[in-house]
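Novice: Below you'll find the structure I mean.
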Amino acid sequence: VQFVESGGGWVQPGGSLRLSCAASGFTFSNYAMNWYRQAPGKERELVAGISSAGGSTNYADSVKGRFTISRDNAKATVYLQMNNLKPRDTGVYYCIGPLSSFGSWGQGTQVTVSV
């Protein structure tokens, strides 16, 4: 099982980024997928989730209305569109399936929001 995140970078407040996560080693379309983030000195937190077929999504209150999670089961890839980014969105972003089924994290992708 492998998760490879990409698309992070530096952006000014109010800017946008689109993260991608390529998954392999399991039947991607059978599992819900989630994005987590970890800010410096803080615990990892759940940001967004999407059901296996993509019909249901959920978001942390702090990102509702700004972030959109989506997936392409044919490409075994999950995305996170992040708009109107704020400095508090800074952190390393990770994707993973349900923690009850997956225990190996990818390397993550760094997102930095600052002036």
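Each chain of the structure tokens is named A, B, ... in the order shown, its residues numbered from 1; ligands are numbered from 1 in display order.
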Find the nearest atom pair between each residue of region 4-55 of chain A and region 78-96 of chain A for residues within 8 Å, count only C-alpha atoms, give distances in Å to one decimal, sort rows by chain and ascending number, and present the table as a Markdown table.
Specialist:
```
| residue | atom | partner | partner_atom | distance |
| --- | --- | --- | --- | --- |
| A:Glu5 | CA | A:Tyr94 | CA | 6.6 |
| A:Val11 | CA | A:Leu85 | CA | 7.9 |
| A:Gln12 | CA | A:Leu85 | CA | 7.7 |
| A:Pro13 | CA | A:Lys86 | CA | 5.0 |
| A:Gly14 | CA | A:Asn84 | CA | 4.0 |
| A:Gly15 | CA | A:Asn84 | CA | 5.4 |
| A:Ser16 | CA | A:Asn83 | CA | 4.4 |
| A:Leu17 | CA | A:Met82 | CA | 5.3 |
| A:Arg18 | CA | A:Gln81 | CA | 4.4 |
| A:Leu19 | CA | A:Leu80 | CA | 5.0 |
| A:Ser20 | CA | A:Tyr79 | CA | 4.5 |
| A:Cys21 | CA | A:Val78 | CA | 5.2 |
| A:Ala22 | CA | A:Val78 | CA | 6.8 |
| A:Met33 | CA | A:Ile96 | CA | 5.9 |
| A:Asn34 | CA | A:Ile96 | CA | 5.5 |
| A:Trp35 | CA | A:Cys95 | CA | 4.4 |
| A:Tyr36 | CA | A:Tyr94 | CA | 5.1 |
| A:Arg37 | CA | A:Tyr93 | CA | 4.3 |
| A:Gln38 | CA | A:Gly91 | CA | 5.2 |
| A:Ala39 | CA | A:Gly91 | CA | 4.2 |
| A:Pro40 | CA | A:Gly91 | CA | 6.6 |
```
Novice: From a DSSP calculation on the backbone, collect every residue of region 7-102 of chain A in helix (DSSP H, G or I) and output the set as a PyMOL selection string.
Specialist: chain A and resi 28-30+87-89
Novice: Residues of region 40-110 of chain A classed as strand (DSSP E or B) by DSSP on the backbone are to be reported as a compact mmCIF listing (two decimals) with C-alpha atoms, in the first residue's frame.
Specialist:
```
# COMPACT_ATOMS: atom_id res chain seq x y z
CA GLU A 45 -6.22 16.49 12.21
CA LEU A 46 -8.86 15.27 9.77
CA VAL A 47 -9.60 17.87 7.09
CA ALA A 48 -11.94 16.15 4.63
CA GLY A 49 -13.31 12.75 3.69
CA ILE A 50 -15.03 11.21 0.69
CA THR A 57 -18.17 14.14 1.51
CA ASN A 58 -17.46 15.68 4.90
CA TYR A 59 -15.26 18.52 6.08
CA PHE A 67 -11.95 23.15 0.45
CA THR A 68 -13.40 20.51 -1.89
CA ILE A 69 -12.43 16.85 -1.86
CA SER A 70 -12.94 14.70 -4.96
CA ARG A 71 -11.69 11.43 -6.39
CA ASP A 72 -11.09 9.64 -9.67
CA THR A 77 -6.34 9.40 -7.10
CA VAL A 78 -7.95 11.69 -4.56
CA TYR A 79 -7.79 15.48 -4.77
CA LEU A 80 -8.16 18.41 -2.42
CA GLN A 81 -8.99 21.77 -3.96
CA MET A 82 -8.14 24.49 -1.47
CA GLY A 91 0.98 22.29 7.48
CA VAL A 92 1.85 18.97 5.95
CA TYR A 93 -1.11 17.37 4.18
CA TYR A 94 -1.57 13.61 4.01
CA CYS A 95 -4.10 11.31 2.37
CA ILE A 96 -5.02 7.87 3.66
CA THR A 109 3.01 17.50 0.91
CA GLN A 110 3.89 20.80 2.57
```
Novice: Do you have the CA of Pro98 (chain A)-CA of Arg44 (chain A) distance handy?
Specialist: 14.5 Å
Novice: Just the number, please: distance in Å from CA of Thr27 (chain A) to CA of Gly7 (chain A), one decimal.
Specialist: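 If I compute the distance from CA of Thr27 (chain A) to CA of Gly7 (chain A), I get 23.4 Å.
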Novice: By how many Å are CA of Glu43 (chain A) and CA of Ser62 (chain A) apart?
Specialist: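 Result for CA of Glu43 (chain A) versus CA of Ser62 (chain A): 15.2 Å, one decimal.
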Novice: Would you kindly return, as a PyMOL selection string, each protein, DNA or RNA residue with an atom no farther than 6 Å from any atom of Ala23 (chain A), considering only C-alpha atoms and excluding same-chain residues fewer than 5 positions away?
Specialist: chain A and resi 2-3+76
Novice: Only N, CA and C atoms, please: the residues just picked out, written as a PDB file, in the first residue's frame.
Specialist:
```pdb
ATOM      1  N   GLN A   2       0.537   2.190  -0.841  1.00  0.00           N
ATOM      2  CA  GLN A   2       1.336   3.415  -0.928  1.00  0.00           C
ATOM      3  C   GLN A   2       0.431   4.605  -1.232  1.00  0.00           C
ATOM      4  N   PHE A   3       0.722   5.718  -0.577  1.00  0.00           N
ATOM      5  CA  PHE A   3       0.049   6.986  -0.850  1.00  0.00           C
ATOM      6  C   PHE A   3       1.120   8.019  -1.180  1.00  0.00           C
ATOM      7  N   ALA A  76      -7.219   6.040  -9.437  1.00  0.00           N
ATOM      8  CA  ALA A  76      -6.828   5.760  -8.042  1.00  0.00           C
ATOM      9  C   ALA A  76      -6.204   6.997  -7.404  1.00  0.00           C
TER      10      ALA A  76
END
```
